[in-house]
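For reference, the structure discussed in these notes is given below.
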Amino acid sequence: MNATQKLSNELHDIKKMMEQSSRFISLSGLSGIAAGVCALIGAWFANNFIGRDEVVLTRQSVNSPDSILHGDFINSRILQIAFITFVAAFLSAFIFTYRRSKKTNVPIWGTTAKRLMINVSVPMIAGGIFLLALIKDGVYDFVAPGCLIFYGLGVLNASKYTLHETRYLGYCEIILGLICLYFPGDGLYFWAAGFGILHIVYGVFMWLKYERN
Amino acid sequence: MKNPIENLNKTFDSRIRLGIMSALMVNTSVNFNQLKELIQVTDGNLASHIKALEDSGYIKIQKGFIGKKTNTVYSVTKAGEKAFRVHLDALEKMIKNI
């Protein structure tokens, strides 16, 4: 019985080492917090400067496809804000993960990082193109839930190549996106909750678990 | 019936060496600090086990630099890969037989 125990421990160790060494472990919790804060600021801007006059992400836009938004979404302020928010979130997330990778001495652009990026990107790019097609047809209701769902799928997919807990972030984003489908007028709030609050909660949790010392 | 223990490789008879081999099996190359962090051992301890595996011809070493710091990366050799697979198969058989 003791021998079995020893053997299975050995195999368990081997499996663990294989997994750990093939995952990108430098993903910093602070990156999650930074990205979340950027998302909240972006959502605040969107809510303040646009939400009032241009009725984006509400049911009206579907009922009136001839609204000012139609066909001009590419030049609209909300897309500019979304773009700036994405760049800011990405850069700030990158900075903290870069710092962590220096500390853990894992190259930021190693095999594990590449695998992680490819796996998060595929569902997100597919989702992005899908949503742009919907926007082109003047369907704005599905933008916020679509962002959340596709992002969640990307995170879930990528979680196999980084710290295990990341998959719970993926599940939460997907669930939130699905709920959001039934609250079409409140897309921005769900968006802020998913990209802002969930990221911050996730970031704090990961930071406490892996980086606090 | 053949005794499966015959196939167990003495060279891999240590948690540290198993760790080194496991990490190298799933990655093209791994550097010293990554191994150290993965296996959680001291520099000296890790270095001596690496030396043993290198002497057996199971892993190869490439020395390089990142800036001014030395960066030594390790990868598994064909012989090492084969030997490790045989060792894993033997472990598996032993578990099945118990």
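Chain lettering (A, B, ...) mirrors the order of the structure tokens, residue numbering begins at 1 for each chain separately, and ligand numbering begins at 1 in order of display.
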
At most 7 Å to chain A: residues in chain B, only C-alpha atoms, as a compact mmCIF listing (two decimals) with all heavy atoms, in the first residue's frame:
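File selection_22.txt, as written:
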```txt
# COMPACT_ATOMS: atom_id res chain seq x y z
N LEU B 18 13.26 13.99 -11.57
CA LEU B 18 11.97 13.81 -12.23
C LEU B 18 11.39 15.16 -12.62
O LEU B 18 10.83 15.32 -13.70
CB LEU B 18 10.98 13.10 -11.29
CG LEU B 18 11.12 11.60 -11.15
CD1 LEU B 18 10.09 11.09 -10.16
CD2 LEU B 18 10.92 10.92 -12.50
N GLY B 19 11.54 16.14 -11.70
CA GLY B 19 11.04 17.49 -11.96
C GLY B 19 11.71 18.11 -13.16
O GLY B 19 11.04 18.66 -14.05
N SER B 22 10.53 16.32 -16.34
CA SER B 22 9.13 16.63 -16.66
C SER B 22 9.01 17.99 -17.31
O SER B 22 8.30 18.16 -18.31
CB SER B 22 8.26 16.63 -15.40
OG SER B 22 8.50 15.49 -14.64
N ALA B 23 9.70 18.97 -16.72
CA ALA B 23 9.62 20.33 -17.26
C ALA B 23 10.19 20.38 -18.67
O ALA B 23 9.65 21.04 -19.55
CB ALA B 23 10.36 21.30 -16.35
N VAL B 26 7.94 18.94 -21.75
CA VAL B 26 6.83 19.70 -22.33
C VAL B 26 7.24 21.09 -22.82
O VAL B 26 6.42 21.86 -23.29
CB VAL B 26 5.65 19.84 -21.34
CG1 VAL B 26 4.94 18.51 -21.19
CG2 VAL B 26 6.11 20.34 -19.98
N ASN B 27 8.53 21.43 -22.69
CA ASN B 27 9.00 22.74 -23.15
C ASN B 27 10.25 22.55 -24.01
O ASN B 27 11.09 21.70 -23.70
CB ASN B 27 9.34 23.64 -21.98
CG ASN B 27 8.10 24.04 -21.20
OD1 ASN B 27 7.34 24.89 -21.63
ND2 ASN B 27 7.89 23.40 -20.06
N ASN B 33 16.70 29.40 -13.61
CA ASN B 33 15.81 30.00 -12.61
C ASN B 33 14.38 29.46 -12.67
O ASN B 33 13.72 29.30 -11.65
CB ASN B 33 15.80 31.51 -12.75
CG ASN B 33 17.10 32.12 -12.26
OD1 ASN B 33 17.62 31.73 -11.22
ND2 ASN B 33 17.64 33.03 -13.03
N GLN B 34 13.92 29.18 -13.90
CA GLN B 34 12.59 28.60 -14.04
C GLN B 34 12.56 27.23 -13.36
O GLN B 34 11.61 26.92 -12.63
CB GLN B 34 12.26 28.40 -15.52
CG GLN B 34 11.68 29.62 -16.19
CD GLN B 34 11.52 29.37 -17.68
OE1 GLN B 34 12.50 29.28 -18.42
NE2 GLN B 34 10.29 29.24 -18.13
N LEU B 38 10.32 26.14 -10.20
CA LEU B 38 9.38 25.04 -10.37
C LEU B 38 9.58 23.96 -9.31
O LEU B 38 8.64 23.49 -8.69
CB LEU B 38 9.61 24.38 -11.73
CG LEU B 38 8.76 24.85 -12.90
CD1 LEU B 38 9.29 24.23 -14.17
CD2 LEU B 38 7.32 24.45 -12.68
N LEU B 91 6.73 2.91 -14.49
CA LEU B 91 5.98 3.37 -13.32
C LEU B 91 4.51 2.99 -13.45
O LEU B 91 3.88 2.49 -12.51
CB LEU B 91 6.07 4.90 -13.18
CG LEU B 91 7.36 5.50 -12.61
CD1 LEU B 91 7.26 7.01 -12.60
CD2 LEU B 91 7.63 5.01 -11.19
N ILE B 95 2.15 0.39 -11.09
CA ILE B 95 0.91 0.78 -10.44
C ILE B 95 -0.20 -0.21 -10.80
O ILE B 95 -1.00 -0.61 -9.94
CB ILE B 95 0.52 2.22 -10.82
CG1 ILE B 95 1.39 3.17 -10.03
CG2 ILE B 95 -0.94 2.47 -10.59
CD1 ILE B 95 0.88 4.56 -9.91
```

List every residue of chain A that DSSP, applied to the backbone, labels as helix (DSSP H, G or I), and write the result as a PyMOL selection string.
chain A and resi 2-21+29-50+60-63+73-75+77-104+111-136+143-161+166-180+184-211

Report as an mmCIF file with N, CA and C atoms, in the first residue's frame all protein, DNA and RNA residues lying within 7 Å of region 187-190 of chain A, evaluated on only C-alpha atoms, omitting residues in the same chain fewer than 2 positions from it.
```cif
data_model
loop_
_atom_site.group_PDB
_atom_site.id
_atom_site.type_symbol
_atom_site.label_atom_id
_atom_site.label_comp_id
_atom_site.auth_asym_id
_atom_site.auth_seq_id
_atom_site.Cartn_x
_atom_site.Cartn_y
_atom_site.Cartn_z
ATOM 1 N N ALA A 43 -16.026 53.367 -18.788
ATOM 2 C CA ALA A 43 -17.479 53.259 -18.695
ATOM 3 C C ALA A 43 -18.078 54.552 -18.150
ATOM 4 N N LEU A 57 -26.613 51.518 -27.105
ATOM 5 C CA LEU A 57 -26.793 50.320 -26.304
ATOM 6 C C LEU A 57 -28.157 50.286 -25.617
ATOM 7 N N ALA A 144 -22.790 44.809 -25.744
ATOM 8 C CA ALA A 144 -22.275 44.604 -24.383
ATOM 9 C C ALA A 144 -22.274 43.123 -23.990
ATOM 10 N N PRO A 145 -23.417 42.413 -24.138
ATOM 11 C CA PRO A 145 -23.360 40.987 -23.778
ATOM 12 C C PRO A 145 -22.383 40.210 -24.655
ATOM 13 N N CYS A 180 -26.933 39.635 -19.162
ATOM 14 C CA CYS A 180 -27.023 40.944 -19.814
ATOM 15 C C CYS A 180 -27.923 40.907 -21.056
ATOM 16 N N PHE A 183 -31.269 42.234 -20.335
ATOM 17 C CA PHE A 183 -31.409 43.611 -19.847
ATOM 18 C C PHE A 183 -30.801 44.562 -20.874
ATOM 19 N N PRO A 184 -31.423 44.641 -22.042
ATOM 20 C CA PRO A 184 -30.793 45.329 -23.164
ATOM 21 C C PRO A 184 -30.492 46.808 -22.906
ATOM 22 N N GLY A 185 -31.252 47.458 -22.038
ATOM 23 C CA GLY A 185 -31.005 48.875 -21.808
ATOM 24 C C GLY A 185 -29.821 49.148 -20.906
ATOM 25 N N ALA A 192 -19.527 47.506 -17.382
ATOM 26 C CA ALA A 192 -18.676 48.042 -16.304
ATOM 27 C C ALA A 192 -18.460 46.985 -15.224
ATOM 28 N N ALA A 193 -19.524 46.229 -14.930
ATOM 29 C CA ALA A 193 -19.397 45.182 -13.908
ATOM 30 C C ALA A 193 -18.444 44.086 -14.384
ATOM 31 N N GLY A 194 -18.599 43.672 -15.630
ATOM 32 C CA GLY A 194 -17.794 42.572 -16.160
ATOM 33 C C GLY A 194 -16.342 42.940 -16.361
#
```

Please, what distance in Å, to one decimal, runs between CA of Ile125 (chain A) and CA of Trp109 (chain A)?
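Computing it gives 20.4 Å between the two atoms.
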
Applying 12 Å and only C-alpha atoms, which residues near Gly64 (chain B) remain after dropping the ones on its own chain fewer than 4 positions away? List them as a ChimeraX atom specification.
/B:31-32,68-74

With all heavy atoms retained, write the just-selected residues as a PDB file, in the first residue's frame.
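Saved to out.pdb:
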```pdb
ATOM      1  N   ASN B  31      15.106  27.639 -18.512  1.00  0.00           N
ATOM      2  CA  ASN B  31      16.354  28.114 -17.927  1.00  0.00           C
ATOM      3  C   ASN B  31      16.480  27.739 -16.445  1.00  0.00           C
ATOM      4  O   ASN B  31      15.552  27.221 -15.828  1.00  0.00           O
ATOM      5  CB  ASN B  31      16.560  29.615 -18.170  1.00  0.00           C
ATOM      6  CG  ASN B  31      15.612  30.484 -17.380  1.00  0.00           C
ATOM      7  OD1 ASN B  31      15.130  30.106 -16.329  1.00  0.00           O
ATOM      8  ND2 ASN B  31      15.346  31.666 -17.903  1.00  0.00           N
ATOM      9  N   PHE B  32      17.658  27.998 -15.912  1.00  0.00           N
ATOM     10  CA  PHE B  32      17.983  27.565 -14.554  1.00  0.00           C
ATOM     11  C   PHE B  32      16.987  28.095 -13.512  1.00  0.00           C
ATOM     12  O   PHE B  32      16.495  27.339 -12.679  1.00  0.00           O
ATOM     13  CB  PHE B  32      19.405  28.029 -14.201  1.00  0.00           C
ATOM     14  CG  PHE B  32      19.939  27.415 -12.943  1.00  0.00           C
ATOM     15  CD1 PHE B  32      20.558  26.174 -12.975  1.00  0.00           C
ATOM     16  CD2 PHE B  32      19.826  28.078 -11.732  1.00  0.00           C
ATOM     17  CE1 PHE B  32      21.048  25.603 -11.818  1.00  0.00           C
ATOM     18  CE2 PHE B  32      20.309  27.501 -10.560  1.00  0.00           C
ATOM     19  CZ  PHE B  32      20.930  26.264 -10.615  1.00  0.00           C
ATOM     20  N   LYS B  68      23.769  41.489 -19.195  1.00  0.00           N
ATOM     21  CA  LYS B  68      25.058  41.062 -18.648  1.00  0.00           C
ATOM     22  C   LYS B  68      24.937  39.772 -17.832  1.00  0.00           C
ATOM     23  O   LYS B  68      25.933  39.163 -17.466  1.00  0.00           O
ATOM     24  CB  LYS B  68      25.639  42.167 -17.750  1.00  0.00           C
ATOM     25  CG  LYS B  68      26.315  43.269 -18.564  1.00  0.00           C
ATOM     26  CD  LYS B  68      26.830  44.357 -17.646  1.00  0.00           C
ATOM     27  CE  LYS B  68      27.451  45.491 -18.456  1.00  0.00           C
ATOM     28  NZ  LYS B  68      27.699  46.677 -17.623  1.00  0.00           N
ATOM     29  N   LYS B  69      23.665  39.402 -17.548  1.00  0.00           N
ATOM     30  CA  LYS B  69      23.476  38.201 -16.732  1.00  0.00           C
ATOM     31  C   LYS B  69      23.575  36.942 -17.587  1.00  0.00           C
ATOM     32  O   LYS B  69      23.070  36.919 -18.712  1.00  0.00           O
ATOM     33  CB  LYS B  69      22.099  38.228 -16.069  1.00  0.00           C
ATOM     34  CG  LYS B  69      22.089  39.041 -14.765  1.00  0.00           C
ATOM     35  CD  LYS B  69      20.680  39.364 -14.382  1.00  0.00           C
ATOM     36  CE  LYS B  69      20.110  38.540 -13.273  1.00  0.00           C
ATOM     37  NZ  LYS B  69      18.681  38.861 -13.059  1.00  0.00           N
ATOM     38  N   THR B  70      24.173  35.930 -17.014  1.00  0.00           N
ATOM     39  CA  THR B  70      24.233  34.677 -17.764  1.00  0.00           C
ATOM     40  C   THR B  70      22.852  34.041 -17.762  1.00  0.00           C
ATOM     41  O   THR B  70      22.111  34.134 -16.790  1.00  0.00           O
ATOM     42  CB  THR B  70      25.212  33.677 -17.122  1.00  0.00           C
ATOM     43  OG1 THR B  70      24.839  33.524 -15.755  1.00  0.00           O
ATOM     44  CG2 THR B  70      26.637  34.142 -17.221  1.00  0.00           C
ATOM     45  N   ASN B  71      22.532  33.418 -18.852  1.00  0.00           N
ATOM     46  CA  ASN B  71      21.263  32.710 -18.943  1.00  0.00           C
ATOM     47  C   ASN B  71      21.547  31.344 -19.535  1.00  0.00           C
ATOM     48  O   ASN B  71      21.882  31.214 -20.700  1.00  0.00           O
ATOM     49  CB  ASN B  71      20.288  33.495 -19.827  1.00  0.00           C
ATOM     50  CG  ASN B  71      18.967  32.802 -19.950  1.00  0.00           C
ATOM     51  OD1 ASN B  71      18.406  32.343 -18.958  1.00  0.00           O
ATOM     52  ND2 ASN B  71      18.462  32.692 -21.173  1.00  0.00           N
ATOM     53  N   THR B  72      21.443  30.336 -18.681  1.00  0.00           N
ATOM     54  CA  THR B  72      21.722  28.991 -19.141  1.00  0.00           C
ATOM     55  C   THR B  72      20.401  28.275 -19.365  1.00  0.00           C
ATOM     56  O   THR B  72      19.577  28.214 -18.458  1.00  0.00           O
ATOM     57  CB  THR B  72      22.550  28.241 -18.082  1.00  0.00           C
ATOM     58  OG1 THR B  72      23.619  29.086 -17.687  1.00  0.00           O
ATOM     59  CG2 THR B  72      23.085  26.952 -18.632  1.00  0.00           C
ATOM     60  N   VAL B  73      20.206  27.778 -20.564  1.00  0.00           N
ATOM     61  CA  VAL B  73      18.964  27.055 -20.823  1.00  0.00           C
ATOM     62  C   VAL B  73      19.245  25.570 -21.063  1.00  0.00           C
ATOM     63  O   VAL B  73      20.301  25.197 -21.561  1.00  0.00           O
ATOM     64  CB  VAL B  73      18.162  27.644 -22.012  1.00  0.00           C
ATOM     65  CG1 VAL B  73      17.732  29.068 -21.736  1.00  0.00           C
ATOM     66  CG2 VAL B  73      18.931  27.545 -23.304  1.00  0.00           C
ATOM     67  N   TYR B  74      18.279  24.774 -20.668  1.00  0.00           N
ATOM     68  CA  TYR B  74      18.415  23.328 -20.767  1.00  0.00           C
ATOM     69  C   TYR B  74      17.333  22.776 -21.676  1.00  0.00           C
ATOM     70  O   TYR B  74      16.220  23.282 -21.704  1.00  0.00           O
ATOM     71  CB  TYR B  74      18.280  22.696 -19.378  1.00  0.00           C
ATOM     72  CG  TYR B  74      19.237  23.310 -18.393  1.00  0.00           C
ATOM     73  CD1 TYR B  74      18.847  24.385 -17.606  1.00  0.00           C
ATOM     74  CD2 TYR B  74      20.539  22.830 -18.295  1.00  0.00           C
ATOM     75  CE1 TYR B  74      19.737  24.968 -16.728  1.00  0.00           C
ATOM     76  CE2 TYR B  74      21.434  23.417 -17.425  1.00  0.00           C
ATOM     77  CZ  TYR B  74      21.030  24.487 -16.642  1.00  0.00           C
ATOM     78  OH  TYR B  74      21.924  25.074 -15.794  1.00  0.00           O
TER      79      TYR B  74
END
```

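Here CA of Leu176 (chain A) is placed at a distance of 28.7 Å from CA of Arg212 (chain A).
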
Skipping near chain neighbours, those fewer than 5 positions away, what residues fall within 10 Å of Thr166 (chain A) using only C-alpha atoms, listed as a PyMOL selection string?
chain A and resi 27+155-161+171+202-203+206

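For the pair CA of Leu178 (chain A) and CA of Arg23 (chain A), the separation is 28.9 Å.
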
Hey, what's within 12 Å of Gly57 (chain B) if we count only C-alpha atoms and toss same-chain stuff fewer than 3 positions away? As a ChimeraX atom specification, please?
/B:11,50-54,60-61,75-83
